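Okay, protein32.txt now, which holds compact mmCIF, C-alpha atoms and all ligand atoms:
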# COMPACT_ATOMS: atom_id res chain seq x y z
CA MET P 1 61.25 55.05 76.86
CA ILE P 2 59.45 57.91 78.67
CA LYS P 3 60.92 61.29 77.80
CA LEU P 4 63.13 63.15 80.32
CA SER P 5 63.34 66.93 80.80
CA ASP P 6 64.94 68.95 77.98
CA ALA P 7 67.78 69.88 80.35
CA ALA P 8 68.58 66.21 81.05
CA TYR P 9 69.48 65.73 77.39
CA GLU P 10 71.96 68.62 77.64
CA ILE P 11 74.16 66.97 80.32
CA ASP P 12 77.58 65.95 78.97
CA GLY P 13 79.55 65.08 82.11
CA GLN P 14 83.33 64.72 81.88
CA PRO P 15 84.83 63.18 78.71
CA MET P 16 87.88 61.79 80.57
CA PHE P 17 85.72 59.09 82.07
CA LYS P 18 85.40 57.61 78.55
CA VAL P 19 89.20 57.22 78.43
CA LEU P 20 89.12 55.66 81.87
CA ASP P 21 86.65 53.06 80.58
CA LYS P 22 89.06 52.15 77.76
CA VAL P 23 92.00 51.96 80.18
CA GLN P 24 90.12 49.73 82.61
CA LYS P 25 89.08 47.41 79.78
CA LEU P 26 92.75 46.93 78.80
CA GLU P 27 93.68 46.31 82.44
CA ARG P 28 90.97 43.66 82.73
CA GLU P 29 92.57 42.00 79.69
CA GLY P 30 95.83 41.85 81.70
CA LYS P 31 97.70 44.76 80.08
CA LYS P 32 99.91 46.80 82.42
CA ILE P 33 99.14 50.50 82.15
CA LEU P 34 101.10 53.51 83.45
CA HIS P 35 98.60 56.10 84.61
CA PHE P 36 98.89 59.78 83.72
CA GLU P 37 95.28 60.47 82.77
CA LEU P 38 93.37 61.57 85.87
CA GLY P 39 94.03 64.78 87.80
CA GLU P 40 94.19 62.85 91.04
CA PRO P 41 97.23 63.15 93.36
CA ASP P 42 98.86 59.76 93.94
CA PHE P 43 99.64 60.73 97.55
CA ASP P 44 97.37 59.82 100.43
CA THR P 45 95.82 62.58 102.53
CA PRO P 46 98.31 63.68 105.25
CA ASP P 47 97.86 61.87 108.59
CA ASN P 48 97.20 65.00 110.67
CA ILE P 49 94.12 65.73 108.51
CA ILE P 50 92.84 62.15 108.75
CA ASN P 51 93.32 62.08 112.52
CA VAL P 52 91.24 65.21 113.05
CA CYS P 53 88.44 63.69 110.98
CA VAL P 54 88.51 60.42 112.93
CA ASP P 55 88.47 62.29 116.25
CA ALA P 56 85.51 64.39 115.06
CA LEU P 57 83.60 61.26 114.08
CA LYS P 58 84.36 59.59 117.42
CA SER P 59 83.30 62.64 119.39
CA GLY P 60 79.88 62.68 117.72
CA ASP P 61 80.39 65.48 115.20
CA THR P 62 78.03 63.69 112.85
CA HIS P 63 74.99 65.97 112.66
CA TYR P 64 73.68 68.56 110.22
CA THR P 65 75.59 71.83 110.26
CA ASN P 66 74.86 75.34 109.06
CA SER P 67 74.33 75.14 105.28
CA MET P 68 76.88 77.88 104.69
CA GLY P 69 79.56 75.88 106.52
CA LEU P 70 81.01 75.73 110.04
CA PHE P 71 81.83 79.16 111.41
CA GLU P 72 85.36 77.97 112.37
CA LEU P 73 86.10 76.76 108.84
CA ARG P 74 84.79 79.94 107.25
CA GLU P 75 86.94 81.89 109.71
CA ALA P 76 89.97 79.75 108.68
CA VAL P 77 89.19 80.44 105.00
CA ALA P 78 88.94 84.18 105.73
CA GLU P 79 92.32 84.16 107.55
CA THR P 80 94.12 82.16 104.86
CA THR P 81 92.66 84.48 102.20
CA PHE P 82 94.13 87.39 104.11
CA LYS P 83 97.56 85.74 104.19
CA SER P 84 97.56 84.69 100.53
CA ARG P 85 95.54 87.45 98.84
CA GLY P 86 95.80 90.40 101.22
CA PHE P 87 92.13 90.87 102.14
CA LYS P 88 89.88 89.29 104.74
CA PRO P 89 86.39 88.47 103.42
CA ASN P 90 83.38 88.70 105.78
CA ILE P 91 81.97 85.41 106.98
CA ASP P 92 78.88 86.03 104.81
CA GLN P 93 81.07 86.14 101.72
CA ILE P 94 82.18 82.52 102.27
CA LEU P 95 80.36 79.30 101.39
CA ILE P 96 81.69 75.80 102.13
CA THR P 97 80.69 73.36 99.38
CA PRO P 98 80.77 69.60 98.72
CA GLY P 99 83.80 69.78 96.40
CA ALA P 100 84.89 72.69 94.23
CA ASN P 101 83.13 71.31 91.16
CA ALA P 102 79.77 72.21 92.70
CA ILE P 103 80.78 75.88 92.89
CA ILE P 104 80.91 76.05 89.09
CA TYR P 105 77.31 74.89 88.79
CA PHE P 106 76.04 76.94 91.75
CA ALA P 107 77.66 80.13 90.44
CA ILE P 108 76.45 79.70 86.85
CA ARG P 109 72.93 78.80 88.02
CA CYS P 110 72.73 81.90 90.22
CA LEU P 111 74.27 84.31 87.70
CA VAL P 112 73.35 83.34 84.16
CA ASN P 113 69.92 83.17 82.53
CA MET P 114 69.02 80.91 79.62
CA ASP P 115 70.53 82.13 76.34
CA GLU P 116 73.00 84.42 78.14
CA GLU P 117 76.72 83.94 77.57
CA VAL P 118 79.71 82.78 79.59
CA ILE P 119 83.23 83.33 78.25
CA VAL P 120 85.23 80.17 78.93
CA PRO P 121 88.91 79.37 78.40
CA ASP P 122 89.37 76.65 75.77
CA PRO P 123 91.10 74.29 76.45
CA GLY P 124 89.45 74.31 79.87
CA PHE P 125 88.07 72.15 82.66
CA PRO P 126 85.13 70.19 81.14
CA THR P 127 82.67 70.99 83.96
CA TYR P 128 82.54 74.60 82.75
CA PHE P 129 81.09 73.54 79.40
CA SER P 130 78.78 70.90 80.86
CA ALA P 131 77.33 73.19 83.56
CA ILE P 132 76.77 76.07 81.11
CA LYS P 133 74.99 73.80 78.65
CA PHE P 134 72.82 72.24 81.36
CA CYS P 135 71.76 75.74 82.47
CA GLY P 136 70.64 76.56 78.91
CA ALA P 137 73.31 79.25 78.59
CA LYS P 138 75.92 79.58 75.84
CA ALA P 139 79.64 78.87 76.28
CA VAL P 140 81.65 81.39 74.27
CA ARG P 141 85.06 79.81 73.88
CA VAL P 142 88.19 81.92 74.07
CA ALA P 143 91.15 80.09 72.58
CA LEU P 144 94.23 79.79 74.81
CA LYS P 145 97.03 79.93 72.25
CA GLU P 146 100.40 78.29 72.46
CA GLU P 147 102.05 81.46 71.09
CA ASN P 148 100.70 83.29 74.21
CA GLN P 149 101.99 80.52 76.50
CA HIS P 150 98.35 79.43 76.85
CA GLN P 151 97.45 82.57 78.81
CA LEU P 152 93.95 84.03 78.81
CA MET P 153 94.51 87.27 76.89
CA ALA P 154 92.44 90.34 77.77
CA ASP P 155 92.21 91.42 74.10
CA ASP P 156 90.73 88.06 73.14
CA VAL P 157 88.19 88.30 75.97
CA ARG P 158 87.27 91.87 74.98
CA GLN P 159 86.46 90.82 71.43
CA LEU P 160 84.00 88.17 72.58
CA ILE P 161 81.95 90.35 74.92
CA THR P 162 78.37 91.03 73.83
CA ASP P 163 75.26 92.42 75.50
CA LYS P 164 74.53 88.88 76.64
CA THR P 165 77.84 88.24 78.44
CA ARG P 166 77.23 87.62 82.16
CA LEU P 167 80.34 85.81 83.31
CA VAL P 168 84.01 85.27 82.39
CA ILE P 169 85.86 82.23 83.78
CA ILE P 170 89.57 82.50 84.59
CA ASN P 171 91.60 79.45 85.64
CA SER P 172 95.20 80.21 86.58
CA PRO P 173 97.15 77.95 87.07
CA SER P 174 95.18 76.08 84.46
CA ASN P 175 93.82 72.64 83.97
CA PRO P 176 94.78 71.28 81.43
CA THR P 177 97.77 73.46 80.43
CA GLY P 178 99.58 74.18 83.71
CA ALA P 179 99.98 77.76 82.41
CA MET P 180 99.45 80.91 84.44
CA THR P 181 97.94 84.14 83.17
CA GLU P 182 100.05 87.22 83.96
CA GLN P 183 98.87 89.85 86.40
CA LYS P 184 98.53 92.54 83.73
CA GLU P 185 96.15 90.41 81.66
CA ILE P 186 94.04 89.59 84.73
CA GLU P 187 93.95 93.27 85.72
CA GLU P 188 92.79 94.19 82.22
CA ILE P 189 90.12 91.47 82.17
CA TYR P 190 88.92 92.70 85.57
CA LYS P 191 88.70 96.26 84.24
CA ILE P 192 86.75 95.21 81.14
CA CYS P 193 84.32 93.15 83.24
CA SER P 194 83.88 95.78 85.94
CA ASP P 195 83.11 98.48 83.36
CA LYS P 196 80.41 96.29 81.80
CA GLY P 197 78.93 94.77 84.97
CA ILE P 198 80.15 91.25 84.17
CA PHE P 199 81.05 88.71 86.84
CA ILE P 200 84.37 86.82 86.96
CA LEU P 201 84.59 83.27 88.30
CA SER P 202 88.25 82.78 89.22
CA ASP P 203 88.97 79.06 89.53
CA GLU P 204 91.96 79.03 91.89
CA ILE P 205 92.00 75.36 92.83
CA TYR P 206 95.71 75.16 91.89
CA SER P 207 96.74 78.38 93.68
CA ARG P 208 98.75 76.42 96.29
CA LEU P 209 100.49 74.53 93.50
CA VAL P 210 102.44 77.37 91.94
CA PHE P 211 106.10 76.36 91.62
CA LYS P 212 109.01 78.39 92.98
CA ASP P 213 110.47 79.10 89.53
CA SER P 214 107.13 80.49 88.24
CA SER P 215 105.60 83.94 88.23
CA GLU P 216 103.77 85.15 91.34
CA PHE P 217 100.20 83.95 91.76
CA PHE P 218 97.70 86.72 91.10
CA SER P 219 93.95 86.68 91.71
CA PRO P 220 91.35 89.17 90.44
CA SER P 221 89.93 89.02 93.98
CA MET P 222 92.92 91.14 95.06
CA LEU P 223 91.28 93.96 93.07
CA ASP P 224 87.69 93.87 94.35
CA PHE P 225 88.05 91.77 97.55
CA CYS P 226 85.15 89.66 96.21
CA LYS P 227 82.83 92.57 97.03
CA SER P 228 81.35 93.37 93.62
CA ASN P 229 81.96 91.02 90.69
CA VAL P 230 84.68 88.46 91.53
CA ILE P 231 83.97 84.96 92.84
CA VAL P 232 86.88 82.79 93.94
CA LEU P 233 86.57 79.02 93.62
CA ASN P 234 88.92 77.03 95.80
CA GLY P 235 89.14 73.47 97.01
CA PHE P 236 91.10 70.95 99.02
CA SER P 237 91.33 68.14 96.45
CA LYS P 238 94.63 68.95 94.81
CA ALA P 239 97.08 70.67 97.18
CA PHE P 240 96.02 68.58 100.22
CA ALA P 241 95.47 65.31 98.29
CA MET P 242 91.82 65.25 99.40
CA THR P 243 89.99 64.39 96.15
CA GLY P 244 87.69 61.83 97.79
CA TRP P 245 86.71 64.08 100.70
CA ARG P 246 84.58 66.39 98.54
CA ILE P 247 85.07 69.82 100.03
CA GLY P 248 85.58 73.28 98.54
CA ALA P 249 85.09 76.94 99.37
CA ALA P 250 83.62 79.84 97.42
CA ILE P 251 84.22 83.50 98.22
CA GLY P 252 82.11 86.17 96.58
CA PRO P 253 79.73 89.09 96.99
CA GLU P 254 77.36 88.46 99.92
CA HIS P 255 74.13 88.62 97.90
CA LEU P 256 75.41 85.96 95.48
CA ILE P 257 76.98 83.72 98.15
CA GLY P 258 73.68 83.82 100.08
CA LYS P 259 71.78 82.53 97.03
CA MET P 260 74.41 79.88 96.28
CA GLY P 261 74.05 78.81 99.94
CA LEU P 262 70.30 78.38 99.49
CA LEU P 263 70.90 76.28 96.38
CA LEU P 264 73.39 74.14 98.33
CA GLN P 265 70.82 73.83 101.13
CA THR P 266 68.27 72.63 98.57
CA VAL P 267 70.56 70.07 96.94
CA ASN P 268 72.93 68.96 99.71
CA SER P 269 71.61 70.40 103.01
CA CYS P 270 75.19 70.93 104.23
CA VAL P 271 78.73 69.54 104.04
CA SER P 272 79.57 66.76 106.56
CA PRO P 273 80.89 68.35 109.78
CA PHE P 274 83.75 65.85 110.25
CA ILE P 275 84.98 66.67 106.72
CA GLN P 276 84.85 70.36 107.57
CA ARG P 277 86.88 69.76 110.76
CA ALA P 278 89.50 68.01 108.63
CA ALA P 279 89.51 70.97 106.25
CA ILE P 280 90.27 73.34 109.16
CA GLU P 281 93.27 71.15 109.99
CA ALA P 282 94.32 71.17 106.33
CA ILE P 283 94.45 74.97 106.35
CA ASN P 284 95.72 75.63 109.88
CA GLY P 285 97.68 72.47 110.71
CA ASP P 286 101.21 71.30 109.89
CA GLN P 287 102.01 72.06 106.24
CA SER P 288 105.13 69.89 105.90
CA ASP P 289 103.42 67.04 103.95
CA VAL P 290 101.79 69.57 101.65
CA GLN P 291 105.18 71.18 101.03
CA THR P 292 106.81 67.79 100.37
CA MET P 293 104.11 66.89 97.82
CA LYS P 294 104.57 70.20 96.05
CA GLU P 295 108.35 69.78 95.85
CA GLU P 296 107.88 66.28 94.47
CA TYR P 297 105.43 67.57 91.80
CA SER P 298 107.93 70.23 90.86
CA GLU P 299 110.71 67.66 90.37
CA ARG P 300 108.47 65.28 88.40
CA ARG P 301 107.35 68.14 86.19
CA LYS P 302 110.93 68.94 85.19
CA ILE P 303 111.75 65.30 84.42
CA LEU P 304 108.51 64.81 82.48
CA VAL P 305 108.95 67.97 80.40
CA SER P 306 112.55 67.22 79.55
CA GLY P 307 111.58 63.61 78.66
CA LEU P 308 108.73 64.79 76.43
CA ASN P 309 110.96 67.33 74.68
CA SER P 310 113.53 64.60 74.02
CA ILE P 311 110.96 62.90 71.75
CA GLU P 312 111.36 64.26 68.23
CA GLY P 313 108.06 65.83 67.15
CA VAL P 314 106.83 66.54 70.70
CA ARG P 315 106.97 70.03 72.22
CA CYS P 316 106.13 70.87 75.82
CA ALA P 317 106.47 74.11 77.80
CA MET P 318 107.36 74.04 81.49
CA PRO P 319 104.13 74.23 83.53
CA LYS P 320 104.10 77.05 86.09
CA GLY P 321 101.59 75.40 88.39
CA SER P 322 98.98 72.62 88.78
CA ILE P 323 99.78 68.94 88.18
CA TYR P 324 99.59 68.93 84.38
CA ALA P 325 101.91 69.19 81.40
CA PHE P 326 100.40 70.01 78.02
CA ALA P 327 102.38 68.79 75.03
CA SER P 328 101.95 69.40 71.31
CA VAL P 329 102.25 66.21 69.25
CA SER P 330 101.60 67.79 65.85
CA GLY P 331 105.26 67.23 64.90
CA LEU P 332 104.56 63.49 64.95
CA GLY P 333 101.89 63.87 62.31
CA MET P 334 99.22 62.78 64.80
CA THR P 335 96.33 64.52 66.49
CA GLY P 336 96.14 64.43 70.28
CA GLU P 337 93.47 61.73 70.04
CA GLU P 338 95.56 59.60 67.70
CA PHE P 339 98.58 59.98 69.95
CA SER P 340 96.58 59.13 73.11
CA ASP P 341 95.23 55.96 71.48
CA PHE P 342 98.71 55.10 70.22
CA ALA P 343 100.37 55.70 73.62
CA LEU P 344 97.74 53.59 75.37
CA GLU P 345 97.64 50.71 72.93
CA GLN P 346 101.31 50.55 71.87
CA ALA P 347 103.14 51.84 74.96
CA GLY P 348 100.69 51.14 77.79
CA VAL P 349 100.72 54.83 78.77
CA ALA P 350 97.38 56.47 79.60
CA LEU P 351 97.00 60.20 79.03
CA LEU P 352 94.26 62.48 77.70
CA PRO P 353 93.83 64.16 74.32
CA GLY P 354 93.49 67.96 74.23
CA SER P 355 90.08 67.45 72.60
CA SER P 356 88.72 66.35 76.03
CA PHE P 357 89.10 70.00 77.07
CA GLY P 358 87.45 71.85 74.19
CA HIS P 359 87.79 72.66 70.51
CA TYR P 360 91.10 74.49 70.36
CA ALA P 361 93.72 71.95 71.43
CA ASP P 362 93.32 69.03 69.03
CA ASN P 363 97.06 68.68 68.58
CA PHE P 364 97.84 68.45 72.27
CA VAL P 365 97.80 65.86 75.02
CA ARG P 366 97.57 66.37 78.78
CA ILE P 367 99.86 64.35 81.01
CA CYS P 368 99.33 64.51 84.80
CA TYR P 369 102.51 64.12 86.82
CA VAL P 370 100.75 62.10 89.46
CA ASN P 371 103.02 59.10 89.07
CA SER P 372 106.54 58.39 90.37
CA ILE P 373 109.73 59.67 88.72
CA SER P 374 110.71 56.11 87.78
CA ASN P 375 107.32 55.58 86.10
CA ILE P 376 107.66 58.91 84.28
CA ASN P 377 111.04 57.80 82.91
CA LEU P 378 109.60 54.39 82.02
CA ALA P 379 106.65 55.97 80.21
CA ILE P 380 108.93 58.19 78.11
CA GLU P 381 111.08 55.16 77.24
CA LYS P 382 108.03 53.11 76.26
CA ILE P 383 106.63 55.89 74.08
CA LYS P 384 110.00 56.28 72.35
CA GLU P 385 110.22 52.55 71.77
CA ALA P 386 106.67 52.39 70.38
CA LEU P 387 107.41 55.30 68.03
CA LYS P 388 110.59 53.57 66.87
CA ASN P 389 108.67 50.39 66.12
CA ARG P 390 106.26 52.49 64.14
CA GLY P 391 109.15 53.85 62.09
CA ILE P 392 109.34 57.30 63.73
CA LYS P 393 112.54 58.08 65.65
C1 LIG X 401 90.22 73.54 87.24
C2 LIG X 401 89.45 72.71 88.19
N1 LIG X 401 88.44 73.26 88.87
C3 LIG X 401 87.69 72.55 89.73
C4 LIG X 401 87.95 71.20 89.95
C5 LIG X 401 87.05 70.45 90.90
O1 LIG X 401 87.71 69.96 92.02
P1 LIG X 401 86.97 69.15 93.17
O2 LIG X 401 87.64 67.82 93.26
O3 LIG X 401 87.19 69.93 94.42
O4 LIG X 401 85.54 69.07 92.86
C6 LIG X 401 88.99 70.58 89.26
C7 LIG X 401 89.25 69.14 89.42
O5 LIG X 401 89.91 68.49 88.64
C8 LIG X 401 89.77 71.35 88.36
O6 LIG X 401 90.79 70.82 87.67

Would you give me this structure, written as structure tokens?
Ligand SMILES: Cc1ncc(COP(=O)(O)O)c(C=O)c1O
Amino acid sequence: MIKLSDAAYEIDGQPMFKVLDKVQKLEREGKKILHFELGEPDFDTPDNIINVCVDALKSGDTHYTNSMGLFELREAVAETTFKSRGFKPNIDQILITPGANAIIYFAIRCLVNMDEEVIVPDPGFPTYFSAIKFCGAKAVRVALKEENQHQLMADDVRQLITDKTRLVIINSPSNPTGAMTEQKEIEEIYKICSDKGIFILSDEIYSRLVFKDSSEFFSPSMLDFCKSNVIVLNGFSKAFAMTGWRIGAAIGPEHLIGKMGLLLQTVNSCVSPFIQRAAIEAINGDQSDVQTMKEEYSERRKILVSGLNSIEGVRCAMPKGSIYAFASVSGLGMTGEEFSDFALEQAGVALLPGSSFGHYADNFVRICYVNSISNINLAIEKIKEALKNRGIK
């Protein structure tokens, strides 16, 4: 086999796809599986968004656009940022991207040199680790501890900063924990980073999925208005049930956003105009479907968490946002991986082990509440039954 580039051998991708392979194999064998593994809303995209896309296609909006994104969409992003975060970024601070995932790679590529360091929450979204490794940089993992309600603690970040630190990633609400980091910790992290000239990538893809009974959403962008060292990552996949549309938005300092735009131009040329028209409708159009989905997630979350806590040996805190619950299974005498295999094989319930998200959550599993309340209840029953058959009550 002819050798590839050194960087090609550093690409890890997303470990959850391995679990998906296993699940699909069992389904091919005729086993019925209840799905809680992928962070993919089970709702379809709201009709008003689809209709705008279809109209755009029919009216010939099918050509290349500005690589930075349609002016009207960037304007809509600026307005919604003003409403939600209290500042209105300039158009040149906004880049429309093919999905939010791409922002992680674009930002790291434009900010971090080989051998420099990025502080990353662990457990965290796997793309962070994969993109850092591919860029030849070093992921410095900061453990999100259960005793701190899985928050990113400023003191922990401070201790990991070196002369090589270029970037700190914050993700609140978090994938995979559903936890939110309190304002005072974010303010402190911002202060530490600003003093040392370090960038912050704030992954806010779940910012519209903060539940009513949770703390207020807080973004470090409210402190610097994305003018000096904060980059906001946002996307349409989760809150608007638009995972397959592939569209996101980055807000950051103009000189960085300009370079990220050139990288996007090199790799993608631009984002499809009819998708961008749909995204304008998602932001500015009727929000009732979005609200209904959020209320449904909130209900499911409560039922799931109370079901999980009714299993002896399982412990799960109430998620404040996102679509994930993160449960400790150490009381069952199993690791997260052992429990995930057990739940899949013995109960027909697919979920993900904490080890898919880093090194510091081996005793946890992530369960996405992207399945109906009746299926959540059924899954809990099946897990209980399987544990009973195994001799654990
Ligand atoms: C924390 C986090 N950031 C970014 C993304 C990427 O989202 P997108 O579908 O827009 O690429 C995800 C998707 O699961 C996520 O969980």

field: Given all atoms listed in the file as the counted atoms, nearest of P:Glu337, P:Asp213, P:Glu345, P:Glu27 to Val365 (chain P)
entry: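 For Val365 (chain P), the nearest of the candidates is P:Glu337.
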
field: For ligand LIG 401 (chain X), the nearest of the candidates P:Gly258, P:Gly197, P:Pro41, P:Gly307, counting all atoms listed in the file
entry: P:Pro41

- request: Would you please work out which residue, of P:Gly261, P:Pro220, P:Gly69, P:Gly321, is nearest to ligand LIG 401 (chain X) when using all atoms listed in the file?
  value: P:Gly321

Please produce, as CSV, a per-residue contact table for chain P versus ligand LIG 401 (chain X) (criterion: any atom at most 10 Å away, only C-alpha atoms and all ligand atoms considered), showing the nearest atom pair and its distance in Å to one decimal, sorted by chain then residue number.
residue,atom,partner,partner_atom,distance
P:Leu38,CA,X:LIG401,O5,8.2
P:Gly39,CA,X:LIG401,O5,5.6
P:Glu40,CA,X:LIG401,O5,7.5
P:Thr97,CA,X:LIG401,O3,8.9
P:Pro98,CA,X:LIG401,O4,7.6
P:Gly99,CA,X:LIG401,O3,3.9
P:Ala100,CA,X:LIG401,O3,3.6
P:Asn101,CA,X:LIG401,O4,3.7
P:Ala102,CA,X:LIG401,O4,6.6
P:Ile103,CA,X:LIG401,C3,8.3
P:Ile104,CA,X:LIG401,C3,7.7
P:Gly124,CA,X:LIG401,C1,7.5
P:Phe125,CA,X:LIG401,C1,5.2
P:Pro126,CA,X:LIG401,C1,8.6
P:Thr127,CA,X:LIG401,C3,7.8
P:Tyr128,CA,X:LIG401,N1,8.6
P:Ile170,CA,X:LIG401,C1,9.4
P:Asn171,CA,X:LIG401,C1,6.3
P:Ser172,CA,X:LIG401,C1,8.4
P:Pro173,CA,X:LIG401,C1,8.2
P:Ser174,CA,X:LIG401,C1,6.2
P:Asn175,CA,X:LIG401,C1,4.9
P:Pro176,CA,X:LIG401,O6,7.4
P:Ser202,CA,X:LIG401,N1,9.5
P:Asp203,CA,X:LIG401,N1,5.9
P:Glu204,CA,X:LIG401,C1,7.4
P:Ile205,CA,X:LIG401,N1,5.7
P:Tyr206,CA,X:LIG401,C1,7.4
P:Leu233,CA,X:LIG401,C3,7.6
P:Asn234,CA,X:LIG401,O3,7.4
P:Gly235,CA,X:LIG401,O3,4.8
P:Phe236,CA,X:LIG401,O3,6.1
P:Ser237,CA,X:LIG401,O2,4.9
P:Lys238,CA,X:LIG401,O2,7.2
P:Ala241,CA,X:LIG401,O2,9.6
P:Met242,CA,X:LIG401,O2,7.9
P:Thr243,CA,X:LIG401,O2,5.1
P:Gly244,CA,X:LIG401,O2,7.5
P:Trp245,CA,X:LIG401,O2,8.4
P:Arg246,CA,X:LIG401,O3,6.0
P:Ile247,CA,X:LIG401,O3,6.0
P:Gly248,CA,X:LIG401,O3,5.5
P:Ala249,CA,X:LIG401,O3,8.8
P:Ser322,CA,X:LIG401,O6,8.5
P:Ile323,CA,X:LIG401,O6,9.2
P:Tyr324,CA,X:LIG401,O6,9.6

- prompt: Contacts of Ala327 (chain P) at 12 Å or less, counting all atoms listed in the file, minus same-chain residues fewer than 5 places along, as a VMD selection string?
  reply: chain P and resid 146 149 to 150 176 to 179 304 to 311 313 to 319 332 335 to 336 339 to 340 351 to 354 361 to 368

Quick one: write out the picked residues with C-alpha atoms as a tab-separated table (two decimals), in the coordinates of the input?
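Generated file (selection39.tsv):
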chain	number	residue	atom	x	y	z
P	146	GLU	CA	100.40	78.29	72.46
P	149	GLN	CA	101.99	80.52	76.50
P	150	HIS	CA	98.35	79.43	76.85
P	176	PRO	CA	94.78	71.28	81.43
P	177	THR	CA	97.77	73.46	80.43
P	178	GLY	CA	99.58	74.18	83.71
P	179	ALA	CA	99.98	77.76	82.41
P	304	LEU	CA	108.51	64.81	82.48
P	305	VAL	CA	108.95	67.97	80.40
P	306	SER	CA	112.55	67.22	79.55
P	307	GLY	CA	111.58	63.61	78.66
P	308	LEU	CA	108.73	64.79	76.43
P	309	ASN	CA	110.96	67.33	74.68
P	310	SER	CA	113.53	64.60	74.02
P	311	ILE	CA	110.96	62.90	71.75
P	313	GLY	CA	108.06	65.83	67.15
P	314	VAL	CA	106.83	66.54	70.70
P	315	ARG	CA	106.97	70.03	72.22
P	316	CYS	CA	106.13	70.87	75.82
P	317	ALA	CA	106.47	74.11	77.80
P	318	MET	CA	107.36	74.04	81.49
P	319	PRO	CA	104.13	74.23	83.53
P	332	LEU	CA	104.56	63.49	64.95
P	335	THR	CA	96.33	64.52	66.49
P	336	GLY	CA	96.14	64.43	70.28
P	339	PHE	CA	98.58	59.98	69.95
P	340	SER	CA	96.58	59.13	73.11
P	351	LEU	CA	97.00	60.20	79.03
P	352	LEU	CA	94.26	62.48	77.70
P	353	PRO	CA	93.83	64.16	74.32
P	354	GLY	CA	93.49	67.96	74.23
P	361	ALA	CA	93.72	71.95	71.43
P	362	ASP	CA	93.32	69.03	69.03
P	363	ASN	CA	97.06	68.68	68.58
P	364	PHE	CA	97.84	68.45	72.27
P	365	VAL	CA	97.80	65.86	75.02
P	366	ARG	CA	97.57	66.37	78.78
P	367	ILE	CA	99.86	64.35	81.01
P	368	CYS	CA	99.33	64.51	84.80

query: With only C-alpha atoms as the atoms that count, which of P:Lys382, P:His255, P:Arg141, P:Lys164 lies nearest to Phe129 (chain P)?
result: P:Arg141

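The smallest atom-to-atom distance between Leu95 (chain P) and any of P:Met293, P:Ile251, P:Leu209, P:Ile186, using all atoms listed in the file, is found for P:Ile251.
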
Can you tell me which residues surround Arg158 (chain P) at a distance of at most 8 Å, considering only C-alpha atoms, apart from same-chain residues fewer than 3 positions away, and format the answer as a PDB file with C-alpha atoms, in the frame of the given file?
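Just written: around-v4.pdb:
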ATOM      1  CA  ALA P 154      92.440  90.340  77.770  1.00  0.00           C
ATOM      2  CA  ASP P 155      92.210  91.420  74.100  1.00  0.00           C
ATOM      3  CA  ILE P 161      81.950  90.350  74.920  1.00  0.00           C
ATOM      4  CA  ILE P 189      90.120  91.470  82.170  1.00  0.00           C
ATOM      5  CA  ILE P 192      86.750  95.210  81.140  1.00  0.00           C
TER       6      ILE P 192
END

- request: Show which residues sit within 10 Å of region 49-59 of chain P, as a PyMOL selection string. Count only C-alpha atoms, and ignore same-chain residues fewer than 3 positions away.
  value: chain P and resi 44-46+62-63+240+242+273-283+285-286

- request: Return the single residue from P:Thr162, P:Asn113, P:Thr181, P:Ser214 that is closest to Cys193 (chain P), with distances computed using all atoms listed in the file.
  value: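 Result for the nearest residue to Cys193 (chain P): P:Thr162.
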
task: Could you tell me how far CA of Ser84 (chain P) lies from CA of Phe199 (chain P), in Å and to one decimal?
output: 21.8 Å

- prompt: What separation in Å, quoted to one decimal, exists between CA of Gly333 (chain P) and CA of Arg390 (chain P)?
  reply: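 Computing it gives 12.3 Å between the two atoms.
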
- prompt: Can you list, as a PyMOL selection string, every protein, DNA or RNA residue that comes within 7 Å of Leu34 (chain P) when you count all atoms listed in the file, leaving out same-chain residues fewer than 6 positions away?
  reply: chain P and resi 348-350+379

- prompt: When you draw a straight line from CA of Val23 (chain P) to CA of Arg300 (chain P), how long is it in Å?
  reply: 22.7 Å

Long-range neighbours of Gly136 (chain P) as a list in words, 12 Å cut-off, all atoms listed in the file, 5 positions minimum in chain: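 That gives Asp6, Ala7, Ala8, Tyr9, Glu10, Ile11, Ile108, Arg109, Val112, Asn113, Met114, Asp115, Glu116, Glu117, Val118, Phe129, Ser130 and Ala131 of chain P.
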